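Worksheet: the structure to be examined is printed underneath.
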Amino acid sequence: MDAGLKRELEEKVYAGDRLTRADGIALYASDDLAWLGRLAHHRRVELNGERVMFNVNRHLNLTNVCSASCAYCSFQRKPGEKDAYTMRVDEAVRKAKEMEGEGLTELHIVNGLHPTLPWRYYPTVLRELKAALPGVKLKCFTATEIQWFEKISGLSAGEILDELMEAGLESLTGGGAEIFDWEVRQHIVDHDCHWEDWSRIHRLAHEKGMKTPATMLYGHIEERRHRVDHVLRLRELQDETHGFAVFIPLRYQHDFVDSQDGKIRNRLQSRTTMAAPAESLKTFAVSRVLLDNVPHLKNFWVMHGLSVAQLSLNFGVDDLDGSVVEYKITHDADAYGTPHTMHRDDLLHLIWDAGFRPVERNTRYEVVREYDEAPSLADRRSEPQQVWA
């Protein structure tokens with residue numbers, strides 16, 4: 001990068017000026033990763049100080065049966081396939097209650113677009129989960145699922161959100177975003193929920209008082225300019241609604257063939273490589289300085305590994321998601337030795353070891369508990385720190 005442009009971009013970030021599309025593309029072109037980290041860290045400290053947020057949550061997938069066949073997806077199954085499943089309501093409640101003793105505060109629920117499951121199943125599950133775990137917040141369903149519910153119910157998205165909220169819904173999830181630009185999107189998704197509907201549904205959720213997350217799936221066939229475009233669309237919508245609490249870049253995953261039938265369902269796999277750690281850190285950093293109006297940036301550690309998660313805290317990230325438990329959407333935990341579950345103490349040590357202050361939050365990013373000081377090493381562990389792959 002030209003020294004003059006580098007100085008100009010740095011001055012804009014430190015002055016708090018809004019960056020342009022051209023600025024974002026220029027930042028991605030820089031090979032100075034440490035410099036990008038400094039810019040992003042400056043911005044994250046301005047917004048959130050040295051705090052790193054987390055929550056105690058469980059991911060629950062009610063069904064993997066899906067009418068779509070998105071090119072990158074290894075999770076979906078068709079009716080009748082060997083490892084296709086759909087949970088009964090009582091089964092979903094039983095699995096949710098397994099973490100009750102851990103101080104669970106959030107259930108994160110996403111599913112396939114089941115071709116025959118009736119709409120009424122979904123609010124019924126939420127009501128039963130809320131009755132069984134009244135103190136737990138329900139963060140459920142992508143905008144893609146809400147649009148699917150419109151199709152199978154004949155109701156509008158507004159009516160669907162009203163009924164789901166009455167049943168206990170606290171927030172939508174941020175999924176289904178992938179990459180918004182049609183140049184890429186037409187090759188990777190196999191459903192009708194594109195930018196226009198995704199933004200429409202999140203706008204409705206924000207109007208109804210929800211704070212929702214937004215995601216981006218990166219590191220597949222998109223170019224860096226598509227990532228910049230994706231973030232700027234979210235920035236423009238946030239200027240309008242102020243409803244996004246957090247942005248979550250999600251690393252595209254290969255299929256590591258742990259399904260019972262041994263099939264590789266990821267049709268992009270033969271022509272893609274997964275993003276290297278340096279590319280992930282760059283993506284976090286550029287996202288943080290571009291997306292100046294969304295307060296939090298999350299690293300979903302299951303998709304990046306714990307070492308990159310710790311490093312990302314110096315590249316703009318201030319949230320590490322939570323305990324997760326049994327994440328089925330990708331296979332990262334199976335391939336890299338990353339655990340499926342991180343308990344509260346694991347997350348605390350992960351954050352302390354990176355030199356930051358842990359803050360437990362709820363679904364709306366309200367503080368549940370602050371942990372002001374790290375205990376001494378002698379008090380924290382009697383064995384050497386584990387080094388995660």
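The chains in the structure tokens are called A, B, ... from first to last as shown; in each chain the residues are counted from 1, and the ligands are counted from 1 in the order shown.
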
Region 164-171 of chain A surroundings by only C-alpha atoms, 12 Å radius, close-in-sequence under 3 positions cut, as a ChimeraX atom specification: /A:105-110,119-143,146,149,157-161,174,201-202,204-206,208-214,243-245,362-365

So that I can check the secondary structure, give me every residue of region 146-362 of chain A assigned helix (DSSP H, G or I) by backbone DSSP, as JSON, numbers by chain. {"A": [146, 147, 148, 149, 150, 151, 152, 153, 157, 158, 159, 160, 161, 162, 163, 164, 165, 166, 167, 182, 183, 184, 185, 186, 187, 188, 195, 196, 197, 198, 199, 200, 201, 202, 203, 204, 205, 206, 207, 224, 225, 226, 227, 228, 229, 230, 231, 232, 233, 234, 235, 236, 237, 238, 239, 240, 241, 269, 270, 271, 277, 278, 279, 280, 281, 282, 283, 284, 285, 286, 287, 288, 289, 290, 301, 302, 303, 306, 307, 308, 309, 310, 311, 312, 332, 333, 334, 335, 336, 344, 345, 346, 347, 348, 349, 350, 351, 352, 353]}

Spatial neighbours of region 268-276 of chain A, max dist 8 Å, only C-alpha atoms, sep filter under 5 positions, as a PyMOL selection string: chain A and resi 71-72+218-221+251-255

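Candidate residues A:Leu36, A:Ala96, A:Leu5, A:Met303 were compared for distance to Ser287 (chain A), and the nearest is A:Leu36, using only C-alpha atoms.
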
I want to know what sits within 12 Å of Val56 (chain A), based on only C-alpha atoms, with residues of the same chain fewer than 2 positions away left out; could you give that as a ChimeraX atom specification? /A:53-54,58-59,99-108,136-137,320-325,341-348,359-363,368-369

Restricting the calculation to only C-alpha atoms: of A:Leu237, A:Ala374, A:Leu350, A:Leu306, which residue gets closest to Arg203 (chain A)? A:Leu237

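You can rank A:His114, A:Arg94, A:Arg224, A:Arg235 by their closest distance to Arg18 (chain A) using only C-alpha atoms, and at the top of that list sits A:Arg235.
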
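Across the model, the gap from CA of Ala84 (chain A) to CA of His194 (chain A) is 26.0 Å.
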
Identify all residues of region 167-287 of chain A in strand (DSSP E) (DSSP on the backbone) and supply them as a PyMOL selection string. chain A and resi 169-171+212-218+244-251
